[in-house]
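Peer 1: My structure file target_4.pdb, PDB, C-alpha atoms, pLDDT in the B column, is below:
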ATOM      1  CA  MET A   1      33.348   7.625 -18.815  1.00 42.00           C
ATOM      2  CA  LEU A   2      32.827   4.858 -16.277  1.00 46.00           C
ATOM      3  CA  SER A   3      32.054   7.347 -13.509  1.00 47.00           C
ATOM      4  CA  LEU A   4      29.521   9.076 -15.783  1.00 48.00           C
ATOM      5  CA  PHE A   5      27.776   5.749 -16.387  1.00 48.00           C
ATOM      6  CA  ARG A   6      27.675   4.985 -12.699  1.00 54.00           C
ATOM      7  CA  SER A   7      26.265   8.406 -11.873  1.00 57.00           C
ATOM      8  CA  SER A   8      23.218   7.710 -14.044  1.00 84.00           C
ATOM      9  CA  LYS A   9      22.300   4.667 -11.946  1.00 88.00           C
ATOM     10  CA  VAL A  10      20.819   4.332  -8.473  1.00 92.00           C
ATOM     11  CA  ALA A  11      19.735   1.446  -6.284  1.00 92.00           C
ATOM     12  CA  PRO A  12      16.442   0.132  -7.682  1.00 94.00           C
ATOM     13  CA  ASP A  13      14.059   1.273  -4.951  1.00 96.00           C
ATOM     14  CA  LEU A  14      10.390   2.134  -5.504  1.00 98.00           C
ATOM     15  CA  SER A  15       9.457   2.352  -1.830  1.00 97.00           C
ATOM     16  CA  PHE A  16       8.773   6.081  -2.277  1.00 97.00           C
ATOM     17  CA  ILE A  17       5.705   5.051  -4.314  1.00 98.00           C
ATOM     18  CA  GLY A  18       4.548   2.583  -1.689  1.00 98.00           C
ATOM     19  CA  ALA A  19       1.373   1.216  -3.269  1.00 99.00           C
ATOM     20  CA  ASP A  20       0.915  -0.081  -6.795  1.00 99.00           C
ATOM     21  CA  MET A  21      -2.651   0.823  -7.674  1.00 99.00           C
ATOM     22  CA  HIS A  22      -2.840  -0.532 -11.234  1.00 99.00           C
ATOM     23  CA  SER A  23      -1.798  -4.069 -12.092  1.00 99.00           C
ATOM     24  CA  HIS A  24      -2.988  -7.305 -13.625  1.00 99.00           C
ATOM     25  CA  LEU A  25      -1.476  -9.636 -11.050  1.00 99.00           C
ATOM     26  CA  LEU A  26      -4.566 -11.691 -10.170  1.00 99.00           C
ATOM     27  CA  PRO A  27      -4.112 -14.884 -12.180  1.00 99.00           C
ATOM     28  CA  GLY A  28      -6.320 -16.074 -14.995  1.00 99.00           C
ATOM     29  CA  LEU A  29      -8.768 -13.179 -15.175  1.00 99.00           C
ATOM     30  CA  ASP A  30      -7.601 -11.108 -18.140  1.00 99.00           C
ATOM     31  CA  ASP A  31      -4.530 -10.517 -20.317  1.00 99.00           C
ATOM     32  CA  GLY A  32      -2.279 -10.383 -17.256  1.00 99.00           C
ATOM     33  CA  LEU A  33      -0.719 -13.203 -15.258  1.00 99.00           C
ATOM     34  CA  LYS A  34      -2.047 -16.710 -15.825  1.00 99.00           C
ATOM     35  CA  THR A  35      -1.045 -18.856 -12.836  1.00 99.00           C
ATOM     36  CA  MET A  36      -0.821 -18.516  -9.069  1.00 99.00           C
ATOM     37  CA  ASP A  37       2.875 -19.372  -9.193  1.00 99.00           C
ATOM     38  CA  GLU A  38       3.448 -16.421 -11.530  1.00 99.00           C
ATOM     39  CA  THR A  39       1.468 -14.131  -9.263  1.00 99.00           C
ATOM     40  CA  ILE A  40       3.453 -15.061  -6.161  1.00 99.00           C
ATOM     41  CA  ALA A  41       6.775 -14.762  -8.010  1.00 99.00           C
ATOM     42  CA  PHE A  42       5.885 -11.315  -9.378  1.00 99.00           C
ATOM     43  CA  ILE A  43       4.696 -10.042  -6.009  1.00 99.00           C
ATOM     44  CA  LYS A  44       7.962 -11.200  -4.438  1.00 99.00           C
ATOM     45  CA  GLU A  45       9.950  -9.308  -7.076  1.00 99.00           C
ATOM     46  CA  LEU A  46       7.849  -6.163  -6.751  1.00 99.00           C
ATOM     47  CA  HIS A  47       8.021  -6.298  -2.964  1.00 99.00           C
ATOM     48  CA  GLY A  48      11.787  -6.520  -3.364  1.00 98.00           C
ATOM     49  CA  LEU A  49      11.651  -3.249  -5.290  1.00 98.00           C
ATOM     50  CA  GLY A  50       9.943  -1.598  -2.334  1.00 98.00           C
ATOM     51  CA  TYR A  51       6.207  -1.948  -2.929  1.00 99.00           C
ATOM     52  CA  GLN A  52       4.277  -2.478   0.291  1.00 99.00           C
ATOM     53  CA  LYS A  53       0.756  -2.806  -1.104  1.00 99.00           C
ATOM     54  CA  PHE A  54      -0.862  -3.986  -4.318  1.00 99.00           C
ATOM     55  CA  ILE A  55      -4.324  -3.045  -5.534  1.00 99.00           C
ATOM     56  CA  CYS A  56      -4.937  -5.433  -8.409  1.00 99.00           C
ATOM     57  CA  THR A  57      -7.146  -4.108 -11.192  1.00 99.00           C
ATOM     58  CA  PRO A  58      -8.320  -6.748 -13.676  1.00 99.00           C
ATOM     59  CA  HIS A  59      -9.905  -5.452 -16.854  1.00 99.00           C
ATOM     60  CA  ILE A  60     -13.670  -5.277 -17.039  1.00 99.00           C
ATOM     61  CA  ILE A  61     -14.546  -5.129 -20.745  1.00 98.00           C
ATOM     62  CA  ALA A  62     -17.858  -6.823 -21.489  1.00 93.00           C
ATOM     63  CA  ASP A  63     -16.966  -8.477 -24.794  1.00 92.00           C
ATOM     64  CA  LEU A  64     -13.359  -9.333 -23.925  1.00 96.00           C
ATOM     65  CA  HIS A  65     -12.851  -9.664 -20.172  1.00 98.00           C
ATOM     66  CA  PRO A  66     -16.348  -9.937 -18.626  1.00 97.00           C
ATOM     67  CA  ASN A  67     -15.175  -9.769 -15.034  1.00 98.00           C
ATOM     68  CA  SER A  68     -17.247  -8.721 -12.054  1.00 98.00           C
ATOM     69  CA  PRO A  69     -16.980  -8.789  -8.258  1.00 99.00           C
ATOM     70  CA  ALA A  70     -18.093 -12.433  -8.531  1.00 99.00           C
ATOM     71  CA  THR A  71     -14.946 -13.392 -10.474  1.00 99.00           C
ATOM     72  CA  ILE A  72     -12.454 -10.947  -8.974  1.00 99.00           C
ATOM     73  CA  LEU A  73     -13.053 -11.131  -5.219  1.00 99.00           C
ATOM     74  CA  PRO A  74     -12.780 -14.935  -4.873  1.00 99.00           C
ATOM     75  CA  ARG A  75      -9.512 -14.851  -6.846  1.00 99.00           C
ATOM     76  CA  LEU A  76      -8.220 -12.142  -4.523  1.00 99.00           C
ATOM     77  CA  GLU A  77      -8.917 -14.406  -1.539  1.00 99.00           C
ATOM     78  CA  GLU A  78      -7.000 -17.241  -3.206  1.00 99.00           C
ATOM     79  CA  VAL A  79      -3.981 -14.970  -3.662  1.00 99.00           C
ATOM     80  CA  LYS A  80      -4.206 -13.714  -0.083  1.00 99.00           C
ATOM     81  CA  ARG A  81      -4.216 -17.299   1.146  1.00 99.00           C
ATOM     82  CA  ALA A  82      -1.167 -18.189  -0.960  1.00 99.00           C
ATOM     83  CA  LEU A  83       0.716 -15.126   0.302  1.00 99.00           C
ATOM     84  CA  ARG A  84      -0.048 -16.039   3.916  1.00 98.00           C
ATOM     85  CA  GLU A  85       1.128 -19.600   3.360  1.00 98.00           C
ATOM     86  CA  GLN A  86       4.460 -18.294   2.071  1.00 97.00           C
ATOM     87  CA  ASN A  87       4.761 -15.578   4.739  1.00 98.00           C
ATOM     88  CA  ILE A  88       5.082 -12.768   2.201  1.00 98.00           C
ATOM     89  CA  PRO A  89       4.448  -9.558   4.188  1.00 97.00           C
ATOM     90  CA  VAL A  90       2.507  -7.419   1.732  1.00 98.00           C
ATOM     91  CA  GLN A  91      -0.954  -5.913   1.663  1.00 99.00           C
ATOM     92  CA  ILE A  92      -3.097  -6.873  -1.296  1.00 99.00           C
ATOM     93  CA  ASP A  93      -6.533  -5.749  -2.408  1.00 99.00           C
ATOM     94  CA  ALA A  94      -8.539  -5.695  -5.610  1.00 99.00           C
ATOM     95  CA  ALA A  95     -10.462  -3.139  -7.611  1.00 99.00           C
ATOM     96  CA  ALA A  96     -10.895  -3.170 -11.396  1.00 99.00           C
ATOM     97  CA  GLU A  97      -9.949  -1.283 -14.540  1.00 99.00           C
ATOM     98  CA  TYR A  98     -13.249  -0.365 -16.163  1.00 99.00           C
ATOM     99  CA  MET A  99     -13.485   0.349 -19.873  1.00 99.00           C
ATOM    100  CA  VAL A 100     -15.737   3.376 -20.331  1.00 99.00           C
ATOM    101  CA  ASP A 101     -18.243   1.961 -22.803  1.00 98.00           C
ATOM    102  CA  ILE A 102     -21.994   1.474 -23.005  1.00 98.00           C
ATOM    103  CA  ASP A 103     -21.853  -1.556 -20.715  1.00 98.00           C
ATOM    104  CA  PHE A 104     -20.074   0.417 -18.001  1.00 99.00           C
ATOM    105  CA  GLU A 105     -22.505   3.310 -18.426  1.00 98.00           C
ATOM    106  CA  ASN A 106     -25.415   0.905 -17.976  1.00 98.00           C
ATOM    107  CA  SER A 107     -23.735  -0.649 -14.950  1.00 98.00           C
ATOM    108  CA  ILE A 108     -23.537   2.766 -13.300  1.00 98.00           C
ATOM    109  CA  LYS A 109     -27.195   3.481 -14.092  1.00 97.00           C
ATOM    110  CA  ARG A 110     -28.308   0.119 -12.664  1.00 97.00           C
ATOM    111  CA  GLY A 111     -26.416   0.784  -9.460  1.00 98.00           C
ATOM    112  CA  ASP A 112     -24.243  -2.319  -9.815  1.00 98.00           C
ATOM    113  CA  GLN A 113     -21.518  -2.937  -7.255  1.00 98.00           C
ATOM    114  CA  LEU A 114     -18.348  -1.177  -8.406  1.00 99.00           C
ATOM    115  CA  LEU A 115     -14.898  -2.275  -7.311  1.00 99.00           C
ATOM    116  CA  THR A 116     -13.090   0.756  -5.968  1.00 99.00           C
ATOM    117  CA  LEU A 117      -9.741   1.743  -4.518  1.00 99.00           C
ATOM    118  CA  CYS A 118     -10.152   2.383  -0.782  1.00 98.00           C
ATOM    119  CA  ASP A 119     -13.855   3.228  -1.316  1.00 98.00           C
ATOM    120  CA  LYS A 120     -12.792   6.563  -2.794  1.00 98.00           C
ATOM    121  CA  TYR A 121     -11.363   6.121  -6.290  1.00 99.00           C
ATOM    122  CA  ILE A 122     -12.350   4.108  -9.353  1.00 99.00           C
ATOM    123  CA  LEU A 123      -9.933   3.245 -12.175  1.00 99.00           C
ATOM    124  CA  ILE A 124     -11.283   3.798 -15.692  1.00 99.00           C
ATOM    125  CA  GLU A 125      -9.799   3.632 -19.169  1.00 99.00           C
ATOM    126  CA  MET A 126     -10.626   4.449 -22.760  1.00 99.00           C
ATOM    127  CA  SER A 127      -9.842   2.717 -26.023  1.00 98.00           C
ATOM    128  CA  TYR A 128      -6.459   3.539 -27.556  1.00 98.00           C
ATOM    129  CA  ILE A 129      -8.225   4.093 -30.882  1.00 98.00           C
ATOM    130  CA  ALA A 130     -10.749   6.793 -29.965  1.00 97.00           C
ATOM    131  CA  PRO A 131     -11.979   8.564 -26.827  1.00 97.00           C
ATOM    132  CA  SER A 132     -15.107   7.367 -25.059  1.00 98.00           C
ATOM    133  CA  PRO A 133     -17.905   9.631 -26.355  1.00 98.00           C
ATOM    134  CA  ASN A 134     -19.656   9.894 -22.981  1.00 98.00           C
ATOM    135  CA  MET A 135     -16.567  10.247 -20.800  1.00 98.00           C
ATOM    136  CA  GLU A 136     -17.608  13.599 -19.337  1.00 98.00           C
ATOM    137  CA  GLN A 137     -21.026  12.278 -18.316  1.00 98.00           C
ATOM    138  CA  VAL A 138     -19.450   9.169 -16.769  1.00 99.00           C
ATOM    139  CA  ILE A 139     -17.071  11.297 -14.700  1.00 99.00           C
ATOM    140  CA  PHE A 140     -20.029  13.381 -13.523  1.00 99.00           C
ATOM    141  CA  GLU A 141     -22.089  10.323 -12.569  1.00 98.00           C
ATOM    142  CA  LEU A 142     -19.187   8.733 -10.690  1.00 99.00           C
ATOM    143  CA  ASN A 143     -18.583  11.975  -8.829  1.00 98.00           C
ATOM    144  CA  MET A 144     -22.256  12.006  -7.867  1.00 98.00           C
ATOM    145  CA  LYS A 145     -21.706   8.575  -6.311  1.00 98.00           C
ATOM    146  CA  GLY A 146     -18.870   9.999  -4.234  1.00 98.00           C
ATOM    147  CA  LEU A 147     -16.166   8.394  -6.363  1.00 99.00           C
ATOM    148  CA  LYS A 148     -13.201  10.150  -7.919  1.00 99.00           C
ATOM    149  CA  PRO A 149     -12.307   8.602 -11.281  1.00 99.00           C
ATOM    150  CA  ILE A 150      -8.661   7.803 -11.967  1.00 99.00           C
ATOM    151  CA  ILE A 151      -7.956   7.958 -15.703  1.00 99.00           C
ATOM    152  CA  ALA A 152      -5.559   5.115 -16.496  1.00 99.00           C
ATOM    153  CA  HIS A 153      -2.475   5.827 -18.612  1.00 99.00           C
ATOM    154  CA  PRO A 154      -3.645   9.090 -20.263  1.00 99.00           C
ATOM    155  CA  GLU A 155      -0.248   9.445 -21.931  1.00 99.00           C
ATOM    156  CA  ARG A 156      -1.120   6.454 -24.115  1.00 99.00           C
ATOM    157  CA  TYR A 157      -4.161   8.141 -25.663  1.00 99.00           C
ATOM    158  CA  LEU A 158      -2.484   9.440 -28.801  1.00 98.00           C
ATOM    159  CA  TYR A 159      -5.584  11.418 -29.796  1.00 98.00           C
ATOM    160  CA  TYR A 160      -4.933  13.765 -26.854  1.00 98.00           C
ATOM    161  CA  HIS A 161      -1.232  14.348 -27.503  1.00 98.00           C
ATOM    162  CA  ASN A 162      -1.633  17.554 -29.475  1.00 97.00           C
ATOM    163  CA  ASP A 163      -4.208  19.126 -27.170  1.00 97.00           C
ATOM    164  CA  PHE A 164      -3.258  19.179 -23.485  1.00 97.00           C
ATOM    165  CA  ALA A 165      -6.440  21.138 -22.783  1.00 98.00           C
ATOM    166  CA  LYS A 166      -8.262  17.815 -23.082  1.00 98.00           C
ATOM    167  CA  TYR A 167      -6.231  16.417 -20.185  1.00 99.00           C
ATOM    168  CA  GLN A 168      -6.941  19.530 -18.156  1.00 98.00           C
ATOM    169  CA  ARG A 169     -10.636  19.202 -18.973  1.00 98.00           C
ATOM    170  CA  LEU A 170     -10.720  15.731 -17.383  1.00 98.00           C
ATOM    171  CA  ILE A 171      -9.084  17.121 -14.247  1.00 99.00           C
ATOM    172  CA  ASP A 172     -11.454  20.095 -14.129  1.00 99.00           C
ATOM    173  CA  LEU A 173     -14.413  17.707 -14.337  1.00 98.00           C
ATOM    174  CA  GLY A 174     -13.219  15.904 -11.209  1.00 98.00           C
ATOM    175  CA  ALA A 175     -10.933  13.125 -12.419  1.00 99.00           C
ATOM    176  CA  VAL A 176      -7.280  12.488 -11.617  1.00 99.00           C
ATOM    177  CA  LEU A 177      -4.633  11.059 -13.934  1.00 99.00           C
ATOM    178  CA  GLN A 178      -2.438   7.969 -13.500  1.00 99.00           C
ATOM    179  CA  VAL A 179       0.780   7.513 -15.444  1.00 99.00           C
ATOM    180  CA  ASN A 180       2.168   4.111 -16.364  1.00 99.00           C
ATOM    181  CA  LEU A 181       5.699   3.891 -15.002  1.00 99.00           C
ATOM    182  CA  LEU A 182       6.920   2.090 -18.110  1.00 99.00           C
ATOM    183  CA  SER A 183       5.901   5.083 -20.219  1.00 99.00           C
ATOM    184  CA  LEU A 184       8.831   6.878 -18.592  1.00 99.00           C
ATOM    185  CA  LEU A 185      11.201   4.250 -19.974  1.00 98.00           C
ATOM    186  CA  GLY A 186       9.886   4.693 -23.510  1.00 98.00           C
ATOM    187  CA  TYR A 187       8.360   1.207 -23.406  1.00 99.00           C
ATOM    188  CA  TYR A 188       5.302   2.317 -25.407  1.00 99.00           C
ATOM    189  CA  GLY A 189       7.220   4.638 -27.728  1.00 99.00           C
ATOM    190  CA  LYS A 190       9.048   7.958 -27.687  1.00 98.00           C
ATOM    191  CA  GLY A 191       5.929  10.095 -28.118  1.00 99.00           C
ATOM    192  CA  VAL A 192       4.236   8.472 -25.135  1.00 99.00           C
ATOM    193  CA  LYS A 193       7.377   9.015 -23.039  1.00 99.00           C
ATOM    194  CA  ILE A 194       7.499  12.711 -23.939  1.00 99.00           C
ATOM    195  CA  VAL A 195       3.838  13.239 -23.046  1.00 99.00           C
ATOM    196  CA  ALA A 196       4.180  11.299 -19.776  1.00 99.00           C
ATOM    197  CA  GLU A 197       7.120  13.453 -18.711  1.00 98.00           C
ATOM    198  CA  LYS A 198       5.274  16.628 -19.684  1.00 98.00           C
ATOM    199  CA  LEU A 199       2.184  15.624 -17.688  1.00 99.00           C
ATOM    200  CA  ILE A 200       4.351  15.020 -14.619  1.00 99.00           C
ATOM    201  CA  LYS A 201       6.273  18.267 -15.010  1.00 98.00           C
ATOM    202  CA  GLN A 202       2.994  20.179 -15.329  1.00 98.00           C
ATOM    203  CA  ASP A 203       1.791  18.572 -12.067  1.00 98.00           C
ATOM    204  CA  MET A 204      -1.119  16.840 -13.787  1.00 98.00           C
ATOM    205  CA  ILE A 205      -0.329  13.321 -12.526  1.00 99.00           C
ATOM    206  CA  GLN A 206      -1.566  12.141  -9.125  1.00 99.00           C
ATOM    207  CA  PHE A 207      -0.919   8.397  -9.341  1.00 99.00           C
ATOM    208  CA  ALA A 208       1.686   6.085 -10.861  1.00 99.00           C
ATOM    209  CA  GLY A 209       1.008   2.438 -11.666  1.00 99.00           C
ATOM    210  CA  THR A 210       2.963  -0.492 -13.019  1.00 99.00           C
ATOM    211  CA  ASP A 211       0.103  -1.774 -15.226  1.00 99.00           C
ATOM    212  CA  MET A 212       1.956  -5.064 -14.786  1.00 99.00           C
ATOM    213  CA  HIS A 213       0.918  -7.832 -17.193  1.00 99.00           C
ATOM    214  CA  HIS A 214       3.901 -10.085 -17.912  1.00 99.00           C
ATOM    215  CA  THR A 215       7.635 -10.756 -17.649  1.00 99.00           C
ATOM    216  CA  ASN A 216       8.629  -8.096 -20.176  1.00 99.00           C
ATOM    217  CA  HIS A 217       6.902  -5.492 -18.008  1.00 99.00           C
ATOM    218  CA  LEU A 218       8.675  -6.722 -14.880  1.00 99.00           C
ATOM    219  CA  ASN A 219      12.083  -6.663 -16.562  1.00 99.00           C
ATOM    220  CA  ALA A 220      11.458  -3.162 -17.903  1.00 99.00           C
ATOM    221  CA  LEU A 221      10.321  -1.910 -14.493  1.00 99.00           C
ATOM    222  CA  GLN A 222      13.483  -3.257 -12.874  1.00 98.00           C
ATOM    223  CA  GLU A 223      15.516  -1.408 -15.500  1.00 98.00           C
ATOM    224  CA  LEU A 224      13.563   1.805 -14.956  1.00 98.00           C
ATOM    225  CA  ALA A 225      13.864   1.614 -11.164  1.00 98.00           C
ATOM    226  CA  ALA A 226      17.654   1.861 -11.446  1.00 97.00           C
ATOM    227  CA  LYS A 227      17.634   5.067 -13.514  1.00 97.00           C
ATOM    228  CA  LYS A 228      18.596   8.221 -11.646  1.00 96.00           C
ATOM    229  CA  SER A 229      16.671  10.429 -14.082  1.00 96.00           C
ATOM    230  CA  PHE A 230      13.480   8.512 -13.314  1.00 96.00           C
ATOM    231  CA  HIS A 231      13.894   8.991  -9.575  1.00 95.00           C
ATOM    232  CA  THR A 232      14.624  12.691 -10.022  1.00 96.00           C
ATOM    233  CA  LEU A 233      11.490  13.164 -12.117  1.00 97.00           C
ATOM    234  CA  LEU A 234       9.068  11.129 -10.037  1.00 96.00           C
ATOM    235  CA  THR A 235      10.191  12.016  -6.531  1.00 92.00           C
ATOM    236  CA  GLY A 236       9.367  15.610  -7.454  1.00 91.00           C
ATOM    237  CA  ALA A 237       5.799  14.676  -8.382  1.00 95.00           C
ATOM    238  CA  ASN A 238       2.944  15.025  -5.915  1.00 94.00           C
ATOM    239  CA  LEU A 239       1.878  11.393  -6.068  1.00 98.00           C
ATOM    240  CA  LEU A 240      -0.983  10.155  -3.926  1.00 99.00           C
ATOM    241  CA  ASN A 241      -0.072   6.455  -4.015  1.00 99.00           C
ATOM    242  CA  LYS A 242       0.957   6.362  -0.373  1.00 98.00           C
ATOM    243  CA  THR A 243      -2.467   7.625   0.696  1.00 98.00           C
ATOM    244  CA  LEU A 244      -3.730   4.186  -0.363  1.00 99.00           C
ATOM    245  CA  LEU A 245      -1.571   2.339   2.180  1.00 98.00           C
TER     246      LEU A 245
END
Will you turn the file into structure tokens for me?
Peer 2:
Amino acid sequence: MLSLFRSSKVAPDLSFIGADMHSHLLPGLDDGLKTMDETIAFIKELHGLGYQKFICTPHIIADLHPNSPATILPRLEEVKRALREQNIPVQIDAAAEYMVDIDFENSIKRGDQLLTLCDKYILIEMSYIAPSPNMEQVIFELNMKGLKPIIAHPERYLYYHNDFAKYQRLIDLGAVLQVNLLSLLGYYGKGVKIVAEKLIKQDMIQFAGTDMHHTNHLNALQELAAKKSFHTLLTGANLLNKTLL
């Protein structure tokens, strides 16, 4: 029995992912980390798990988290400075997680500066309650700007669970899908875990992110990283995270 237990565990190593491209590590901008000390401590822990680069993605939701390049980029520089002072050898950058709503649609139309991942991708999300009515048009307009939308945590959109054709439609329109790693632990519920695994097995996932917000997420990620079944599933996926290094 003991040997069976041991065989289900592996060394917690996420270096095969390389870059975390979805997190809320920049302090004091949204519902993620609040202080610089927290940010540095979390980055140390995540670097210890094998991450080499972090692309922080604060929420941009007009009525809740009204961030912009003017709030995000200066905070990024503060974090970079703190990391240099402590000689923590990681790469760090910032983009954003844009809620697809009327404000984001207007921002695209105005030609506002958009915070992107490596000048190629842009991270977008929908409400957990209902899909964004103009999502297809937004994907088209972003593609016309030379940007490939990354749909954040599609497995958490319960309204898509019974119709995988809707996921495929997003891909066919020119988007890619990003799974939250904690979905694979069952952190958000059994149904979300099942859909996340199915999306990976059907080769519909191109990116994996921590979506790190707080200590409970960090503890859960450390637990997940030691599971052999997780490594078996994800190392077989065609993830593009390392292309962001």
Peer 1: Spell out the residues picked by the PyMOL selection byres ((chain A and resi 59) around 9) here, as a CSV table (one decimal) with C-alpha atoms, keeping the file's coordinate frame.
Peer 2:
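What landed in result-v2.csv:
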chain,number,residue,atom,x,y,z
A,24,HIS,CA,-3.0,-7.3,-13.6
A,29,LEU,CA,-8.8,-13.2,-15.2
A,30,ASP,CA,-7.6,-11.1,-18.1
A,31,ASP,CA,-4.5,-10.5,-20.3
A,57,THR,CA,-7.1,-4.1,-11.2
A,58,PRO,CA,-8.3,-6.7,-13.7
A,60,ILE,CA,-13.7,-5.3,-17.0
A,61,ILE,CA,-14.5,-5.1,-20.7
A,64,LEU,CA,-13.4,-9.3,-23.9
A,65,HIS,CA,-12.9,-9.7,-20.2
A,66,PRO,CA,-16.3,-9.9,-18.6
A,67,ASN,CA,-15.2,-9.8,-15.0
A,96,ALA,CA,-10.9,-3.2,-11.4
A,97,GLU,CA,-9.9,-1.3,-14.5
A,98,TYR,CA,-13.2,-0.4,-16.2
A,99,MET,CA,-13.5,0.3,-19.9
Peer 1: Hey, what's within 9 Å of Pro69 in chain A if we count only C-alpha atoms and toss same-chain stuff fewer than 6 positions away? As a ChimeraX atom specification, please?
Peer 2: /A:95-96,113-115
Peer 1: Would you translate the PyMOL selection byres ((chain A and resi 174-181) around 8) into the concrete set of residues it matches in this file, as a list in words?
Peer 2: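 On this input, the PyMOL selection byres ((chain A and resi 174-181) around 8) captures Ile139, Phe140, Asn143, Lys148, Pro149, Ile150, Ile151, Ala152, His153, Pro154, Glu155, Leu170, Ile171, Asp172, Leu173, Leu182, Ser183, Leu184, Leu185, Ala196, Met204, Ile205, Gln206, Phe207, Ala208, Gly209, Thr210, Asp211 and Leu221 of chain A.
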Peer 1: Kindly export the residues of the current selection with C-alpha atoms, as a compact mmCIF listing (two decimals), in the coordinates of the input.
Peer 2:
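Result written to out32.txt:
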# COMPACT_ATOMS: atom_id res chain seq x y z
CA ILE A 139 -17.07 11.30 -14.70
CA PHE A 140 -20.03 13.38 -13.52
CA ASN A 143 -18.58 11.98 -8.83
CA LYS A 148 -13.20 10.15 -7.92
CA PRO A 149 -12.31 8.60 -11.28
CA ILE A 150 -8.66 7.80 -11.97
CA ILE A 151 -7.96 7.96 -15.70
CA ALA A 152 -5.56 5.12 -16.50
CA HIS A 153 -2.48 5.83 -18.61
CA PRO A 154 -3.64 9.09 -20.26
CA GLU A 155 -0.25 9.44 -21.93
CA LEU A 170 -10.72 15.73 -17.38
CA ILE A 171 -9.08 17.12 -14.25
CA ASP A 172 -11.45 20.10 -14.13
CA LEU A 173 -14.41 17.71 -14.34
CA LEU A 182 6.92 2.09 -18.11
CA SER A 183 5.90 5.08 -20.22
CA LEU A 184 8.83 6.88 -18.59
CA LEU A 185 11.20 4.25 -19.97
CA ALA A 196 4.18 11.30 -19.78
CA MET A 204 -1.12 16.84 -13.79
CA ILE A 205 -0.33 13.32 -12.53
CA GLN A 206 -1.57 12.14 -9.12
CA PHE A 207 -0.92 8.40 -9.34
CA ALA A 208 1.69 6.08 -10.86
CA GLY A 209 1.01 2.44 -11.67
CA THR A 210 2.96 -0.49 -13.02
CA ASP A 211 0.10 -1.77 -15.23
CA LEU A 221 10.32 -1.91 -14.49
Peer 1: With 10 Å as the threshold, what does the neighbourhood of (-6.3, 5.0, -29.3) contain in terms of residues, counting all atoms listed in the file? Coordinates are those of the file; answer as a ChimeraX atom specification.
Peer 2: /A:126-131,156-160
Peer 1: Between A:Met21, A:Ala225, A:Leu239, A:Ile92, which one has atoms that come closest to Leu76 in chain A, using only C-alpha atoms?
Peer 2: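 That would be A:Ile92, the residue with the smallest distance to Leu76 in chain A.
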Peer 1: Expressed in Å to a single decimal, how great is the separation between CA of Asn219 in chain A and CA of Pro12 in chain A?
Peer 2: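 Separating CA of Asn219 in chain A from CA of Pro12 in chain A is a distance of 12.0 Å.
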Peer 1: Quick one, how far is CA of Lys201 in chain A from CA of Thr116 in chain A?
Peer 2: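 Going from CA of Lys201 in chain A over to CA of Thr116 in chain A, I get 27.6 Å.
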Peer 1: Record the distance separating CA of Val100 in chain A and CA of Asn134 in chain A, expressed in Å with one decimal.
Peer 2: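 Going from CA of Val100 in chain A over to CA of Asn134 in chain A, I get 8.1 Å.
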Peer 1: Which residue out of A:Gln168, A:Ser68, A:Gln91, A:Gln86 has the minimum interatomic distance to Phe104 in chain A when only C-alpha atoms are used?
Peer 2: A:Ser68
Peer 1: Select, from A:Glu105, A:Gly28, A:Gly111, A:Glu78, the residue with the minimum atom-to-atom distance to Pro133 in chain A, counting all atoms listed in the file.
Peer 2: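 Among A:Glu105, A:Gly28, A:Gly111, A:Glu78, it is A:Glu105 that comes nearest to Pro133 in chain A.
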Peer 1: Which residues match the PyMOL selection byres ((chain A and resi 90) around 10) in the file above, as a list in words?
Peer 2: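 Applying the expression gives Ile43, Lys44, His47, Tyr51, Gln52, Lys53, Phe54, Lys80, Leu83, Arg84, Asn87, Ile88, Pro89, Gln91 and Ile92 of chain A.
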Peer 1: Restricting the calculation to all atoms listed in the file: of A:Asp13, A:Glu136, A:Asp93, A:Glu197, which residue gets closest to Ala237 in chain A?
Peer 2: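 Using all atoms listed in the file, the shortest distance to Ala237 in chain A belongs to A:Glu197.
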Peer 1: Nearest to Leu49 in chain A: which of A:Leu240, A:Leu33, A:Ile102, A:Ile17 is it, counting all atoms listed in the file?
Peer 2: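 Once distances to Leu49 in chain A are computed over all atoms listed in the file, the minimum belongs to A:Ile17.
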Peer 1: At a cut-off of 12 Å from (-1.0, -18.5, -12.5) in the coordinates of the file, what residues are picked up using all atoms listed in the file, written as a PyMOL selection string?
Peer 2: chain A and resi 24-42+75+78-79+82+213-214
Peer 1: Output C-alpha atoms for every residue in the selection just made, as a CSV table (one decimal), in the coordinates of the input.
Peer 2:
chain,number,residue,atom,x,y,z
A,24,HIS,CA,-3.0,-7.3,-13.6
A,25,LEU,CA,-1.5,-9.6,-11.0
A,26,LEU,CA,-4.6,-11.7,-10.2
A,27,PRO,CA,-4.1,-14.9,-12.2
A,28,GLY,CA,-6.3,-16.1,-15.0
A,29,LEU,CA,-8.8,-13.2,-15.2
A,30,ASP,CA,-7.6,-11.1,-18.1
A,31,ASP,CA,-4.5,-10.5,-20.3
A,32,GLY,CA,-2.3,-10.4,-17.3
A,33,LEU,CA,-0.7,-13.2,-15.3
A,34,LYS,CA,-2.0,-16.7,-15.8
A,35,THR,CA,-1.0,-18.9,-12.8
A,36,MET,CA,-0.8,-18.5,-9.1
A,37,ASP,CA,2.9,-19.4,-9.2
A,38,GLU,CA,3.4,-16.4,-11.5
A,39,THR,CA,1.5,-14.1,-9.3
A,40,ILE,CA,3.5,-15.1,-6.2
A,41,ALA,CA,6.8,-14.8,-8.0
A,42,PHE,CA,5.9,-11.3,-9.4
A,75,ARG,CA,-9.5,-14.9,-6.8
A,78,GLU,CA,-7.0,-17.2,-3.2
A,79,VAL,CA,-4.0,-15.0,-3.7
A,82,ALA,CA,-1.2,-18.2,-1.0
A,213,HIS,CA,0.9,-7.8,-17.2
A,214,HIS,CA,3.9,-10.1,-17.9
